[in-house]
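Colleague: Here it is: the structure, laid out below.
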Amino acid sequence: MELINNKYQFAGGIDPLELCKEYGTPLYVYDASVMERQYKRITGAFSYPKVHIHYACKALTNLSVMRLFRQWGAGLDCVSVQEVQLGLMAGYKPEDILYTPNFAGTDEYDEAVQLGVKINIDSIPMLENWGLHHKNVPIGIRINPHLMAGGNEKISVGHIDSKFGISIHQLPHVLRIVESQGLVIDGLHMHTGSDILDVDVFLRGADILFEAARKFPHLKYIDLGSGFKVPYKPDDIETDVEELGEKLSERFTTFCKEFGREVTLMFEPGKFLVSEAGYLFAKCTLVKQTTSTVFVGLNTGLNHLIRPMFYGSYHKIVNVTEPTFKPRIYNVVGNICETDTFAVDRRIPEVVEGDIIGFYNAGAYGWMMASNYNSRPRPAEVLLYQGKAHLIRKRETLEDMVRNQVQVAL
Ligand SMILES: *Cc1c(COP(=O)(O)O)cnc(C)c1O
């Protein structure tokens with residue numbers, strides 16, 4: 001969404017204020033052209049021919065969005081059996097779906113085997129168990145290479161005490177299990193967290209997996225996960241995927257020569273593909289002045305966009321209705337009965353009641369982390385595709401929220 005002639009517009013001249021009028025607020029809007037641009041950026045960055053991108057659909061698990069990525073040629077990365085089922089509904093072939101859960105029960109793995117998807121195992125006990133029931137089903141192993149990476153504690157999953165993956169130091173143990181049980185390991189996987197800025201972190205991770213790969217003769221893929229950082233603030237730097245593609249293609253080609261075979265190189269980006277494509281629009285319900293602060297209150301809150309409160313993440317905020325008014329300094333807050341602060345001391349063109357406020361970078365982990373807290377319905381979702389707006393999820397209703405409640409005579 002850009003400011004053109006003092007009006008915010010989407011590609012093709014779509015007016016966000018019209019969308020808010022038609023579909024109501026709060027409203028999530030996704031621009032498919034940005035998703036496509038990001039997908040092409042990452043696929044275009046590699047000269048190595050066998051690169052496959054799996055969309056980590058937990059970032060934005062809407063069937064229409066999943067379908068678009070399938071059309072563009074992506075596979076899917078799923079962290080639950082339900083995501084797998086949604087992927088199948090969206091038309092993905094089982095072999096194009098990766099199932100990489102954490103602390104999933106054996107029943108979930110059994111279901112994944114039934115559904116015929118690719119499975120990554122991330123614990124020794126599960127690996128020991130595999131031989132008993134699914135000896136002939138090839139699996140990938142999620143390795144924790146212990147790279148300190150990621151924007152903060154909550155999203156960094158590669159450090160030594162992380163709950164994710166099997167430690168690279170336990171490789172000898174893994175090999176004993178694999179050999180004694182006759183398991184077929186066809187993939188090695190790592191995912192070291194979100195918001196990795198440094199290309200070197202990926203390269204170091206790749207080197208660790210290349211080294212481990214020598215021990216697995218059946219290997220078909222090496223999956224370097226995700227963690228691509230996208231810009232949130234105007235002057236933010238992002239992961240240089242072009243540099244990564246160039247350096248990694250070179251190293252990977254060398255590795256494959258030594259290994260004796262072309263192995264598929266995989267990535268599973270979520271945020272990189274959808275974050276910048278998404279916006280949350282909300283209405284200002286009230287501007288309230290206290291002794292020290294001017295609050296802009298919105299008809300949304302941590303129930304709809306929890307990232308600022310949960311991760312302390314920054315989202316660019318604009319006044320869509322009045323982009324040209326003189327900026328004032330505000331705290332932007334939600335309407336939830338908690339301190340749900342979106343931004344502190346933020347300069348935004350003067351806001352009055354009824355103005356539409358827009359949040360950038362709301363495509364990833366926005367709607368998906370929304371809840372019904374305070375019994376407010378979750379927002380509708382609109383997808384902009386080839387110059388047209390499509391409603392891809394209706395706003396929830398009171399009925400939706402009580403659907404599974406059982407009213408008993410007490
Ligand atoms: C969450 C997750 C991803 C996607 O992470 P992003 O930071 O959104 O790109 C990829 N792989 C696995 C296994 C994940 O759990």
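In the structure tokens, chains take letters A, B, ... by order of appearance, with residues numbered from 1 within each chain and ligands from 1 in the order shown.
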Residues near region 251-256 of chain A, anyone? I mean within 9 Å using only C-alpha atoms, not counting same-chain ones fewer than 5 positions away, as number ranges by chain.

Modeller: A: 48, 203, 206-207, 210, 246, 261-263, 265

Colleague: Show me, as a list in words, the residues that have an atom within 6 Å of region 112-127 of chain A when counting only C-alpha atoms, minus same-chain residues fewer than 5 positions from it.

Modeller: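 Everything that qualifies: Pro94, Glu95, Ile97, Leu98, Tyr99, Thr100, Ile139, Gly140, Ile141, Arg142, Gly165 and Ile166 of chain A.
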
Colleague: Nearest to ligand 1 among A:Ile348, A:Val199, A:Cys57, A:Ile357, with distances taken over only C-alpha atoms and all ligand atoms: which residue is it?

Modeller: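 For ligand 1, the nearest of the candidates is A:Cys57.
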
Colleague: Which protein, DNA or RNA residues have an atom within 7 Å of ligand 1, counting only C-alpha atoms and all ligand atoms, as a list of chain:residue names?

Modeller: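 If we count only C-alpha atoms and all ligand atoms, the neighbours of ligand 1 turn out to be A:Ala56, A:Lys58, A:Ala59, A:Asp77, A:Val79, A:Thr100, A:Pro101, A:His191, A:Gly193, A:Ser194, A:Asp195, A:Gly225, A:Ser226, A:Gly227, A:Phe228, A:Glu268, A:Pro269, A:Gly270, A:Lys271, A:Phe272, A:Ala364.
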
Colleague: For Lys247 (chain A), which residue among A:Tyr23, A:Phe325, A:Phe295, A:Phe46 is the nearest when counting only C-alpha atoms?

Modeller: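 Using only C-alpha atoms, Lys247 (chain A) sits closest to A:Phe46.
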